[in-house]
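Data file: model_11.cif. Format and content: mmCIF, C-alpha atoms.
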data_start
loop_
_atom_site.group_PDB
_atom_site.id
_atom_site.type_symbol
_atom_site.label_atom_id
_atom_site.label_comp_id
_atom_site.auth_asym_id
_atom_site.auth_seq_id
_atom_site.Cartn_x
_atom_site.Cartn_y
_atom_site.Cartn_z
ATOM 1 C CA MET A 263 87.069 -171.803 -120.236
ATOM 2 C CA ALA A 264 85.877 -170.104 -117.052
ATOM 3 C CA LEU A 265 84.826 -170.476 -113.439
ATOM 4 C CA GLU A 266 81.112 -169.826 -113.093
ATOM 5 C CA TRP A 267 78.887 -169.012 -110.151
ATOM 6 C CA ARG A 268 75.216 -169.936 -109.817
ATOM 7 C CA GLY A 269 73.990 -167.270 -107.458
ATOM 8 C CA ALA A 270 75.783 -167.784 -104.154
ATOM 9 C CA ALA A 271 76.865 -171.340 -105.111
ATOM 10 C CA GLY A 272 80.068 -172.045 -106.908
ATOM 11 C CA PRO A 273 82.496 -171.863 -108.334
ATOM 12 C CA TYR A 274 81.832 -174.439 -111.066
ATOM 13 C CA TYR A 275 84.369 -175.030 -113.773
ATOM 14 C CA TYR A 276 83.075 -175.498 -117.338
ATOM 15 C CA LYS A 277 85.223 -176.093 -120.410
ATOM 16 C CA LYS A 278 83.939 -174.599 -123.635
ATOM 17 C CA ARG A 279 84.319 -176.701 -126.767
ATOM 18 C CA ARG A 280 83.278 -175.966 -130.334
ATOM 19 C CA ARG A 281 81.310 -178.731 -132.081
ATOM 20 C CA GLY A 282 80.668 -177.563 -135.631
ATOM 21 C CA SER A 283 78.825 -174.266 -135.375
ATOM 22 C CA GLN A 284 77.855 -174.772 -131.717
ATOM 23 C CA VAL A 285 79.816 -173.991 -128.586
ATOM 24 C CA CYS A 286 79.167 -176.556 -125.835
ATOM 25 C CA SER A 287 79.889 -176.295 -122.117
ATOM 26 C CA GLU A 288 81.426 -179.364 -120.507
ATOM 27 C CA TYR A 289 81.188 -179.588 -116.743
ATOM 28 C CA VAL A 290 84.558 -180.446 -115.136
ATOM 29 C CA GLY A 291 84.038 -179.950 -111.431
ATOM 30 C CA GLY A 292 82.966 -177.637 -108.644
ATOM 31 C CA GLY A 293 84.460 -176.197 -105.481
ATOM 32 C CA GLU A 294 88.160 -176.778 -104.794
ATOM 33 C CA LEU A 295 88.366 -179.501 -107.448
ATOM 34 C CA GLY A 296 86.977 -177.049 -110.033
ATOM 35 C CA ARG A 297 89.459 -174.365 -108.998
ATOM 36 C CA LEU A 298 92.331 -176.866 -109.246
ATOM 37 C CA ALA A 299 91.288 -178.099 -112.697
ATOM 38 C CA TYR A 300 90.908 -174.501 -113.861
ATOM 39 C CA ALA A 301 94.382 -173.527 -112.597
ATOM 40 C CA LEU A 302 95.878 -176.599 -114.288
ATOM 41 C CA ASP A 303 94.253 -175.733 -117.638
ATOM 42 C CA VAL A 304 95.369 -172.098 -117.435
ATOM 43 C CA HIS A 305 98.914 -173.272 -116.791
ATOM 44 C CA THR A 306 98.801 -175.755 -119.714
ATOM 45 C CA GLN A 307 97.483 -173.064 -122.069
ATOM 46 C CA ALA A 308 100.198 -170.626 -121.027
ATOM 47 C CA GLU A 309 102.816 -173.327 -121.612
ATOM 48 C CA ARG A 310 101.440 -174.067 -125.091
ATOM 49 C CA ALA A 311 101.396 -170.363 -125.975
ATOM 50 C CA GLN A 312 105.029 -170.082 -124.885
ATOM 51 C CA GLN A 313 105.955 -173.140 -127.002
ATOM 52 C CA ARG A 314 104.196 -171.598 -130.012
ATOM 53 C CA GLU A 315 106.091 -168.325 -129.539
ATOM 54 C CA GLU A 316 109.414 -170.170 -129.255
ATOM 55 C CA LEU A 317 108.624 -172.143 -132.415
ATOM 56 C CA CYS A 318 107.797 -168.909 -134.289
ATOM 57 C CA ARG A 319 111.061 -167.293 -133.167
ATOM 58 C CA MET A 320 113.056 -170.401 -134.167
ATOM 59 C CA VAL A 321 111.327 -170.589 -137.572
ATOM 60 C CA ASP A 322 112.202 -166.916 -138.176
ATOM 61 C CA ARG A 323 115.872 -167.510 -137.282
ATOM 62 C CA GLU A 324 116.079 -170.580 -139.548
ATOM 63 C CA ARG A 325 114.337 -168.730 -142.368
ATOM 64 C CA THR A 326 116.913 -165.929 -142.224
ATOM 65 C CA VAL A 327 119.795 -168.409 -142.612
ATOM 66 C CA ASP A 328 118.000 -170.334 -145.373
ATOM 67 C CA LEU A 329 117.336 -167.105 -147.235
ATOM 68 C CA ALA A 330 121.022 -166.126 -147.127
ATOM 69 C CA VAL A 331 122.106 -169.571 -148.407
ATOM 70 C CA ALA A 332 119.397 -169.610 -151.106
ATOM 71 C CA GLU A 333 120.304 -166.120 -152.313
ATOM 72 C CA PHE A 334 123.969 -167.030 -152.542
ATOM 73 C CA ALA A 335 123.133 -170.245 -154.449
ATOM 74 C CA ALA A 336 120.914 -168.291 -156.856
ATOM 75 C CA THR A 337 123.640 -165.690 -157.498
ATOM 76 C CA VAL A 338 126.203 -168.432 -158.147
ATOM 77 C CA GLN A 339 123.780 -170.118 -160.538
ATOM 78 C CA ILE A 340 123.277 -166.845 -162.414
ATOM 79 C CA LEU A 341 127.031 -166.395 -162.865
ATOM 80 C CA ALA A 342 127.485 -170.041 -163.941
ATOM 81 C CA ASP A 343 124.646 -169.684 -166.467
ATOM 82 C CA VAL A 344 126.068 -166.408 -167.775
ATOM 83 C CA ALA A 345 129.517 -168.006 -168.179
ATOM 84 C CA LEU A 346 128.009 -170.930 -170.103
ATOM 85 C CA ILE A 347 125.987 -168.607 -172.338
ATOM 86 C CA ALA A 348 129.086 -166.490 -172.995
ATOM 87 C CA VAL A 349 130.961 -169.510 -174.386
ATOM 88 C CA GLY A 350 128.080 -170.547 -176.626
ATOM 89 C CA TYR A 351 125.699 -172.747 -174.648
ATOM 90 C CA HIS A 352 121.936 -172.363 -174.447
ATOM 91 C CA ALA A 353 119.339 -174.342 -172.543
ATOM 92 C CA PRO A 354 116.355 -175.563 -174.567
ATOM 93 C CA CYS A 355 114.093 -177.792 -172.450
ATOM 94 C CA ARG A 356 116.288 -177.040 -169.379
ATOM 95 C CA ALA A 357 119.194 -179.146 -170.722
ATOM 96 C CA TRP A 358 122.274 -177.229 -171.814
ATOM 97 C CA ARG A 359 123.304 -177.597 -175.483
ATOM 98 C CA LEU A 360 126.128 -176.066 -177.468
ATOM 99 C CA SER A 361 124.859 -173.675 -180.151
ATOM 100 C CA ARG A 362 125.829 -174.772 -183.640
ATOM 101 C CA ASP A 363 126.416 -171.268 -185.003
ATOM 102 C CA MET B 185 114.813 -167.272 -166.238
ATOM 103 C CA THR B 186 113.460 -168.147 -162.809
ATOM 104 C CA LYS B 187 111.345 -165.844 -160.677
ATOM 105 C CA GLY B 188 113.410 -163.266 -158.833
ATOM 106 C CA THR B 189 116.431 -163.530 -161.146
ATOM 107 C CA GLU B 190 116.203 -159.837 -162.033
ATOM 108 C CA LEU B 191 116.327 -158.901 -158.364
ATOM 109 C CA ARG B 192 119.396 -161.057 -157.783
ATOM 110 C CA VAL B 193 121.163 -159.682 -160.867
ATOM 111 C CA ALA B 194 120.442 -156.203 -159.510
ATOM 112 C CA GLU B 195 122.493 -157.084 -156.408
ATOM 113 C CA LEU B 196 125.616 -157.846 -158.458
ATOM 114 C CA PRO B 197 128.264 -155.089 -158.418
ATOM 115 C CA LEU B 198 127.646 -154.148 -162.065
ATOM 116 C CA SER B 199 126.356 -151.086 -163.908
ATOM 117 C CA GLU B 200 122.665 -150.960 -164.847
ATOM 118 C CA ALA B 201 123.476 -151.558 -168.530
ATOM 119 C CA ASP B 202 125.562 -154.641 -167.674
ATOM 120 C CA GLN B 203 122.829 -155.957 -165.381
ATOM 121 C CA ALA B 204 120.329 -155.493 -168.212
ATOM 122 C CA ALA B 205 122.622 -157.484 -170.545
ATOM 123 C CA PHE B 206 122.771 -160.315 -167.956
ATOM 124 C CA VAL B 207 118.981 -160.369 -167.621
ATOM 125 C CA ALA B 208 118.512 -160.314 -171.419
ATOM 126 C CA ALA B 209 120.933 -163.212 -171.929
ATOM 127 C CA LEU B 210 119.388 -165.253 -169.094
ATOM 128 C CA SER B 211 115.908 -164.642 -170.538
ATOM 129 C CA ALA B 212 117.110 -165.782 -173.950
ATOM 130 C CA LYS B 213 118.983 -168.885 -172.817
ATOM 131 C CA ASN B 214 116.095 -171.208 -173.830
ATOM 132 C CA ASN B 215 115.843 -169.683 -177.293
ATOM 133 C CA LYS B 216 119.516 -169.336 -178.064
ATOM 134 C CA PRO B 217 121.097 -166.031 -177.088
ATOM 135 C CA THR B 218 122.403 -164.166 -180.124
ATOM 136 C CA ALA B 219 126.092 -163.910 -180.980
ATOM 137 C CA ALA B 220 125.938 -160.222 -180.034
ATOM 138 C CA GLN B 221 124.501 -161.097 -176.600
ATOM 139 C CA ARG B 222 127.224 -163.690 -176.047
ATOM 140 C CA ALA B 223 129.924 -161.212 -177.059
ATOM 141 C CA GLU B 224 128.428 -158.629 -174.712
ATOM 142 C CA LEU B 225 128.481 -161.137 -171.823
ATOM 143 C CA ALA B 226 132.114 -162.012 -172.550
ATOM 144 C CA ARG B 227 132.959 -158.290 -172.561
ATOM 145 C CA ILE B 228 131.226 -157.740 -169.203
ATOM 146 C CA LEU B 229 132.941 -160.749 -167.616
ATOM 147 C CA ASN B 230 136.332 -159.543 -168.913
ATOM 148 C CA ALA B 231 135.656 -156.056 -167.585
ATOM 149 C CA HIS B 232 134.936 -157.355 -164.059
ATOM 150 C CA PRO B 233 137.773 -159.721 -163.220
ATOM 151 C CA ARG B 234 137.009 -159.650 -159.466
ATOM 152 C CA LEU B 235 133.313 -160.469 -159.817
ATOM 153 C CA ALA B 236 133.606 -164.155 -158.863
ATOM 154 C CA TYR B 237 135.790 -163.400 -155.841
ATOM 155 C CA GLU B 238 133.447 -160.646 -154.627
ATOM 156 C CA VAL B 239 130.571 -163.140 -154.669
ATOM 157 C CA ILE B 240 132.749 -165.799 -152.983
ATOM 158 C CA ASN B 241 133.433 -163.311 -150.166
ATOM 159 C CA VAL B 242 129.700 -162.916 -149.598
ATOM 160 C CA GLY B 243 129.524 -166.713 -149.323
ATOM 161 C CA ARG B 244 132.327 -166.695 -146.729
ATOM 162 C CA ILE B 245 130.371 -164.239 -144.565
ATOM 163 C CA VAL B 246 127.336 -166.547 -144.625
ATOM 164 C CA GLN B 247 129.661 -169.521 -143.963
ATOM 165 C CA ASP B 248 131.081 -167.825 -140.847
ATOM 166 C CA ALA B 249 127.557 -167.038 -139.636
ATOM 167 C CA ILE B 250 126.559 -170.724 -139.941
ATOM 168 C CA ILE B 251 129.745 -171.887 -138.191
ATOM 169 C CA GLY B 252 128.971 -169.384 -135.399
ATOM 170 C CA ARG B 253 125.505 -170.930 -135.058
ATOM 171 C CA LEU B 254 126.914 -174.469 -134.924
ATOM 172 C CA SER B 255 129.161 -173.720 -131.984
ATOM 173 C CA SER B 256 130.173 -170.776 -129.824
ATOM 174 C CA HIS B 257 133.446 -172.507 -128.873
ATOM 175 C CA PRO B 258 136.409 -171.111 -130.879
ATOM 176 C CA ALA B 259 138.201 -174.475 -131.027
ATOM 177 C CA TYR B 260 135.187 -176.255 -132.456
ATOM 178 C CA GLN B 261 134.642 -173.374 -134.889
ATOM 179 C CA ASP B 262 138.239 -173.834 -136.088
ATOM 180 C CA ILE B 263 137.600 -177.558 -136.636
ATOM 181 C CA LEU B 264 134.490 -176.753 -138.688
ATOM 182 C CA ARG B 265 136.405 -174.171 -140.743
ATOM 183 C CA ARG B 266 139.099 -176.761 -141.378
ATOM 184 C CA GLN B 267 136.508 -179.339 -142.451
ATOM 185 C CA ALA B 268 134.895 -176.801 -144.801
ATOM 186 C CA ASP B 269 138.294 -175.887 -146.263
ATOM 187 C CA ASP B 270 139.179 -179.581 -146.740
ATOM 188 C CA LEU B 271 135.904 -180.152 -148.556
ATOM 189 C CA ALA B 272 136.563 -177.113 -150.749
ATOM 190 C CA VAL B 273 140.092 -178.299 -151.591
ATOM 191 C CA SER B 274 138.956 -181.838 -152.410
ATOM 192 C CA LEU B 275 136.147 -180.559 -154.650
ATOM 193 C CA ALA B 276 138.190 -177.843 -156.339
ATOM 194 C CA GLY B 277 140.973 -180.139 -157.565
ATOM 195 C CA THR B 278 144.443 -179.011 -158.541
ATOM 196 C CA ALA B 279 143.829 -175.936 -160.690
ATOM 197 C CA PRO B 280 140.285 -174.653 -160.156
ATOM 198 C CA THR B 281 138.993 -171.838 -162.325
ATOM 199 C CA PRO B 282 137.362 -168.885 -160.516
ATOM 200 C CA LEU B 283 133.979 -170.145 -161.717
ATOM 201 C CA GLU B 284 134.704 -173.548 -160.164
ATOM 202 C CA ARG B 285 135.786 -171.869 -156.922
ATOM 203 C CA LEU B 286 132.460 -170.059 -156.875
ATOM 204 C CA LEU B 287 130.495 -173.267 -157.398
ATOM 205 C CA VAL B 288 132.631 -175.064 -154.784
ATOM 206 C CA GLN B 289 131.939 -172.261 -152.277
ATOM 207 C CA ASN B 290 128.242 -172.846 -152.897
ATOM 208 C CA VAL B 291 128.641 -176.597 -152.236
ATOM 209 C CA VAL B 292 130.560 -175.908 -149.017
ATOM 210 C CA LEU B 293 127.913 -173.461 -147.828
ATOM 211 C CA CYS B 294 125.091 -175.927 -148.556
ATOM 212 C CA TRP B 295 127.072 -178.715 -146.821
ATOM 213 C CA LEU B 296 127.528 -176.569 -143.702
ATOM 214 C CA ARG B 297 123.843 -175.678 -143.636
ATOM 215 C CA TRP B 298 123.035 -179.391 -143.937
ATOM 216 C CA GLN B 299 125.346 -180.166 -140.977
ATOM 217 C CA ASP B 300 123.725 -177.339 -139.009
ATOM 218 C CA CYS B 301 120.246 -178.787 -139.627
ATOM 219 C CA GLU B 302 121.370 -182.377 -138.893
ATOM 220 C CA TRP B 303 122.738 -181.239 -135.547
ATOM 221 C CA ARG B 304 119.548 -179.347 -134.667
ATOM 222 C CA TYR B 305 117.359 -182.227 -135.866
ATOM 223 C CA ASP B 306 119.266 -184.667 -133.619
ATOM 224 C CA ALA B 307 118.938 -182.293 -130.651
ATOM 225 C CA VAL B 308 115.166 -181.988 -131.178
ATOM 226 C CA MET B 309 114.645 -185.738 -131.697
ATOM 227 C CA ALA B 310 116.661 -186.627 -128.594
ATOM 228 C CA GLU B 311 114.111 -184.875 -126.388
ATOM 229 C CA SER B 312 110.353 -184.992 -126.115
ATOM 230 C CA HIS B 313 108.953 -182.808 -128.908
ATOM 231 C CA THR B 314 105.667 -181.834 -130.493
ATOM 232 C CA LEU B 315 104.479 -183.343 -133.775
ATOM 233 C CA THR B 316 104.662 -179.897 -135.430
ATOM 234 C CA LEU B 317 108.284 -179.410 -134.406
ATOM 235 C CA GLY B 318 109.274 -182.915 -135.572
ATOM 236 C CA ALA B 319 107.557 -182.430 -138.941
ATOM 237 C CA TYR B 320 109.183 -179.004 -139.337
ATOM 238 C CA TRP B 321 112.693 -180.418 -138.878
ATOM 239 C CA GLU B 322 111.980 -183.412 -141.147
ATOM 240 C CA ARG B 323 110.959 -181.000 -143.933
ATOM 241 C CA LYS B 324 113.878 -178.678 -143.236
ATOM 242 C CA LEU B 325 116.362 -181.536 -143.386
ATOM 243 C CA SER B 326 114.967 -182.780 -146.710
ATOM 244 C CA MET B 327 115.102 -179.255 -148.119
ATOM 245 C CA VAL B 328 118.701 -178.500 -147.142
ATOM 246 C CA HIS B 329 119.864 -181.921 -148.355
ATOM 247 C CA LEU B 330 118.180 -181.306 -151.703
ATOM 248 C CA ARG B 331 119.908 -177.923 -151.954
ATOM 249 C CA TYR B 332 123.270 -179.580 -151.239
ATOM 250 C CA GLU B 333 122.636 -182.158 -153.986
ATOM 251 C CA ARG B 334 121.683 -179.391 -156.420
ATOM 252 C CA ALA B 335 124.872 -177.482 -155.625
ATOM 253 C CA LEU B 336 126.925 -180.623 -156.356
ATOM 254 C CA GLU B 337 124.995 -181.211 -159.584
ATOM 255 C CA SER B 338 125.580 -177.633 -160.663
ATOM 256 C CA LEU B 339 129.333 -177.940 -160.088
ATOM 257 C CA ALA B 340 129.552 -181.259 -161.963
ATOM 258 C CA ARG B 341 127.397 -180.042 -164.856
ATOM 259 C CA THR B 342 129.268 -176.773 -165.371
ATOM 260 C CA ARG B 343 132.601 -178.578 -165.215
ATOM 261 C CA ALA B 344 131.483 -181.207 -167.730
ATOM 262 C CA LEU B 345 130.017 -178.623 -170.112
ATOM 263 C CA LEU B 346 133.117 -176.427 -170.089
ATOM 264 C CA ALA B 347 135.427 -179.438 -170.474
ATOM 265 C CA ARG B 348 133.461 -180.485 -173.588
ATOM 266 C CA LEU B 349 134.534 -177.372 -175.465
ATOM 267 C CA PRO B 350 137.729 -177.575 -177.527
ATOM 268 C CA VAL B 351 139.022 -174.247 -176.187
ATOM 269 C CA VAL B 352 137.077 -172.195 -173.679
ATOM 270 C CA GLN B 353 138.011 -168.734 -172.534
ATOM 271 C CA VAL B 354 136.045 -167.370 -169.626
ATOM 272 C CA ASN B 355 137.245 -164.277 -167.837
ATOM 273 C CA ILE B 356 135.006 -164.424 -164.816
ATOM 274 C CA ALA B 357 137.847 -163.402 -162.519
ATOM 275 C CA LYS B 358 141.317 -161.914 -162.747
ATOM 276 C CA GLN B 359 142.946 -164.927 -164.387
ATOM 277 C CA GLN B 360 141.865 -165.915 -167.836
ATOM 278 C CA ILE B 361 140.628 -169.502 -167.933
ATOM 279 C CA VAL B 362 141.709 -171.511 -170.936
ATOM 280 C CA THR B 363 140.383 -175.056 -171.068
ATOM 281 C CA ASN B 364 141.838 -177.340 -173.688
ATOM 282 C CA GLY B 365 139.488 -180.235 -174.407
#

Translate the structure of the given file into C-alpha cells.
Amino acid sequence: MALEWRGAAGPYYYKKRRRGSQVCSEYVGGGELGRLAYALDVHTQAERAQQREELCRMVDRERTVDLAVAEFAATVQILADVALIAVGYHAPCRAWRLSRD
Amino acid sequence: MTKGTELRVAELPLSEADQAAFVAALSAKNNKPTAAQRAELARILNAHPRLAYEVINVGRIVQDAIIGRLSSHPAYQDILRRQADDLAVSLAGTAPTPLERLLVQNVVLCWLRWQDCEWRYDAVMAESHTLTLGAYWERKLSMVHLRYERALESLARTRALLARLPVVQVNIAKQQIVTNG
C-alpha cells in the first residue's frame, strides 16, 4: 500500500494484494482522490491494529483469571480425590469404586 | 493422574515427603492404592487439620478478585458477596464437612466466573463487534459454564460416595468428620 510517482506525474495510489505466490498492484486513484483513499486506508489499518492490541490485552486479562480459577479447581479436586482414596476408594476406568479389601 | 497434578500438589503447604505420598496415591488411584498408601494419606490429612481451610482462603482471594472485576461500586460488590454466600449456604446444607466446604467454595468460584463472563458477553453482543471477538466470548462462555457444571458434579459425586460408606472418618480439617450411612 503506497503512493507512487511516475516521474513528475502523480501521486497514484496502488493497493498491493497477494494472490497465491504473486503480489498484484491494484490501481485505486490518482491526484487528490488517490491521496484521500490512501489516508482513509492508513486510518483503517491503524484502527484495526489498535483493535487487535486491545483484544490481545483483554485475552491476557481473561486468561489470568481463568488460570486462577482452574488452579483452584484442580487443587480442590486433588484434595477430594485424596480424601476418597484415604477412605478406601479407587478409580478404575475413571469411575470411583470402593476397594473390597 | 492428570497432567500438572505434581505441580499443583507441590503448591500445597505440605512437606516434600507428604507431597510425594499424595502424588503416589493419586498415581495409583486407577490400580487400587495399597492399604499402606491409604493409611499414609489418612495420617497426613490428620496431621494437617487446617489444610482445607487454607485452600478455601486461596479461593476467597480469587473470589474477591472476580467480584472486583464485576463491579467497582462497593454496594454492588456487597450484593455479589451476599449472593455468593447465599449460594454457598444453600449448597453446603446444615452441617457441611470441611471437604464439602472446599468443594462448595469451588462451585461458588466457578459460578462467579460464569456470571462475570455472562456480563462481559452481553456487553460485547450489545455493541457492534468483530467476528473474532464474538467467537472468543462464545467459546469462553461455554468453557466457564462447563467448569461450573464439573464443580457441581464433583461436589455431588464426593458427597454421594462418602455417604455410601457405613462409617467414614476423614480428618481433612480441624474437626473430625464422621459420616454414619

Hey, could you make a per-residue contact list for chain A against chain B with 8 Å as the cut-off, showing the nearest pair of atoms and its distance in Å to one decimal, counting all atoms listed in the file, sorted by chain and number, as CSV?
residue,atom,partner,partner_atom,distance
A:Leu317,CA,B:Leu317,CA,7.5
A:Val327,CA,B:Ile250,CA,7.6
A:Ala330,CA,B:Val246,CA,6.8
A:Val331,CA,B:Leu293,CA,7.0
A:Glu333,CA,B:Arg192,CA,7.5
A:Phe334,CA,B:Gly243,CA,6.4
A:Ala335,CA,B:Asn290,CA,5.9
A:Ala336,CA,B:Arg192,CA,7.4
A:Thr337,CA,B:Arg192,CA,6.3
A:Val338,CA,B:Leu287,CA,6.5
A:Gln339,CA,B:Ser338,CA,7.7
A:Ile340,CA,B:Val193,CA,7.6
A:Leu341,CA,B:Leu283,CA,8.0
A:Ala342,CA,B:Leu283,CA,6.9
A:Asp343,CA,B:Leu210,CA,7.4
A:Val344,CA,B:Leu210,CA,6.9
A:Ala345,CA,B:Val354,CA,6.7
A:Leu346,CA,B:Leu346,CA,7.5
A:Ile347,CA,B:Arg222,CA,6.3
A:Ala348,CA,B:Arg222,CA,4.5
A:Val349,CA,B:Val352,CA,6.7
A:Gly350,CA,B:Arg222,CA,6.9
A:Tyr351,CA,B:Lys216,CA,7.8
A:His352,CA,B:Lys213,CA,4.8
A:Ala353,CA,B:Asn214,CA,4.7
A:Pro354,CA,B:Asn214,CA,4.4
A:Cys355,CA,B:Asn214,CA,7.0
A:Arg356,CA,B:Asn214,CA,7.3
A:Ser361,CA,B:Lys216,CA,7.2

Convert the current residue selection to file output with C-alpha atoms, as a PDB file, in the frame of the given file.
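What ended up in selection-v9.pdb:
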ATOM      1  CA  LEU A 317     108.624-172.143-132.415  1.00  0.00           C
ATOM      2  CA  VAL A 327     119.795-168.409-142.612  1.00  0.00           C
ATOM      3  CA  ALA A 330     121.022-166.126-147.127  1.00  0.00           C
ATOM      4  CA  VAL A 331     122.106-169.571-148.407  1.00  0.00           C
ATOM      5  CA  GLU A 333     120.304-166.120-152.313  1.00  0.00           C
ATOM      6  CA  PHE A 334     123.969-167.030-152.542  1.00  0.00           C
ATOM      7  CA  ALA A 335     123.133-170.245-154.449  1.00  0.00           C
ATOM      8  CA  ALA A 336     120.914-168.291-156.856  1.00  0.00           C
ATOM      9  CA  THR A 337     123.640-165.690-157.498  1.00  0.00           C
ATOM     10  CA  VAL A 338     126.203-168.432-158.147  1.00  0.00           C
ATOM     11  CA  GLN A 339     123.780-170.118-160.538  1.00  0.00           C
ATOM     12  CA  ILE A 340     123.277-166.845-162.414  1.00  0.00           C
ATOM     13  CA  LEU A 341     127.031-166.395-162.865  1.00  0.00           C
ATOM     14  CA  ALA A 342     127.485-170.041-163.941  1.00  0.00           C
ATOM     15  CA  ASP A 343     124.646-169.684-166.467  1.00  0.00           C
ATOM     16  CA  VAL A 344     126.068-166.408-167.775  1.00  0.00           C
ATOM     17  CA  ALA A 345     129.517-168.006-168.179  1.00  0.00           C
ATOM     18  CA  LEU A 346     128.009-170.930-170.103  1.00  0.00           C
ATOM     19  CA  ILE A 347     125.987-168.607-172.338  1.00  0.00           C
ATOM     20  CA  ALA A 348     129.086-166.490-172.995  1.00  0.00           C
ATOM     21  CA  VAL A 349     130.961-169.510-174.386  1.00  0.00           C
ATOM     22  CA  GLY A 350     128.080-170.547-176.626  1.00  0.00           C
ATOM     23  CA  TYR A 351     125.699-172.747-174.648  1.00  0.00           C
ATOM     24  CA  HIS A 352     121.936-172.363-174.447  1.00  0.00           C
ATOM     25  CA  ALA A 353     119.339-174.342-172.543  1.00  0.00           C
ATOM     26  CA  PRO A 354     116.355-175.563-174.567  1.00  0.00           C
ATOM     27  CA  CYS A 355     114.093-177.792-172.450  1.00  0.00           C
ATOM     28  CA  ARG A 356     116.288-177.040-169.379  1.00  0.00           C
ATOM     29  CA  SER A 361     124.859-173.675-180.151  1.00  0.00           C
TER      30      SER A 361
END

Write out as a tab-separated table a residue-level contact list of region 303-363 of chain A versus region 281-299 of chain A with cut-off 12 Å: for each qualifying residue the closest pair of atoms and the distance in Å to one decimal, counting only C-alpha atoms, rows sorted by chain and residue number upward.
residue	atom	partner	partner_atom	distance
A:Asp303	CA	A:Ala299	CA	6.2
A:Val304	CA	A:Ala299	CA	8.7
A:His305	CA	A:Ala299	CA	9.9
A:Thr306	CA	A:Ala299	CA	10.5

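When the PyMOL selection byres ((chain B and resi 271) around 12) is evaluated on the file shown here, the picked residues come out as Leu264, Arg265, Arg266, Gln267, Ala268, Asp269, Asp270, Ala272, Val273, Ser274, Leu275, Ala276, Gly277, Arg285, Val288, Gln289, Asn290, Val291, Val292, Leu293, Cys294, Trp295, Leu296 and Leu336 of chain B.
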
Next, dump the selected residues to file, keeping only C-alpha atoms, as a short mmCIF file (atom, residue, chain, number, x, y, z; two decimals), keeping the file's coordinate frame.
data_model
loop_
_atom_site.label_atom_id
_atom_site.label_comp_id
_atom_site.auth_asym_id
_atom_site.auth_seq_id
_atom_site.Cartn_x
_atom_site.Cartn_y
_atom_site.Cartn_z
CA LEU B 264 134.49 -176.75 -138.69
CA ARG B 265 136.40 -174.17 -140.74
CA ARG B 266 139.10 -176.76 -141.38
CA GLN B 267 136.51 -179.34 -142.45
CA ALA B 268 134.90 -176.80 -144.80
CA ASP B 269 138.29 -175.89 -146.26
CA ASP B 270 139.18 -179.58 -146.74
CA ALA B 272 136.56 -177.11 -150.75
CA VAL B 273 140.09 -178.30 -151.59
CA SER B 274 138.96 -181.84 -152.41
CA LEU B 275 136.15 -180.56 -154.65
CA ALA B 276 138.19 -177.84 -156.34
CA GLY B 277 140.97 -180.14 -157.56
CA ARG B 285 135.79 -171.87 -156.92
CA VAL B 288 132.63 -175.06 -154.78
CA GLN B 289 131.94 -172.26 -152.28
CA ASN B 290 128.24 -172.85 -152.90
CA VAL B 291 128.64 -176.60 -152.24
CA VAL B 292 130.56 -175.91 -149.02
CA LEU B 293 127.91 -173.46 -147.83
CA CYS B 294 125.09 -175.93 -148.56
CA TRP B 295 127.07 -178.72 -146.82
CA LEU B 296 127.53 -176.57 -143.70
CA LEU B 336 126.92 -180.62 -156.36
#

Worksheet item: What is the distance between CA of Tyr237 (chain B) and CA of Glu324 (chain A), in Å to one decimal?
Response: 26.6 Å

Worksheet item: Separation of CA of Lys277 (chain A) and CA of Leu265 (chain A), in Å?
Response: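 Those two atoms sit 9.0 Å apart.
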
Practice prompt. Could you tell me how far CA of Tyr276 (chain A) lies from CA of Tyr300 (chain A), in Å and to one decimal?
Written response: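 For CA of Tyr276 (chain A) relative to CA of Tyr300 (chain A), the distance reads 8.6 Å.
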
Region 261-271 of chain B, all listed atoms, 6 Å padding on each side: what axis-aligned box centre and edge lengths in Å to one decimal come out, as AutoDock Vina command-line options?
--center_x 136.8 --center_y -176.8 --center_z -141.7 --size_x 16.7 --size_y 18.8 --size_z 25.7

Response to the item:
If you count all atoms listed in the file, the residue of B:Arg234, B:His313, B:Arg323, B:His329 closest to Trp298 (chain B) turns out to be B:His329
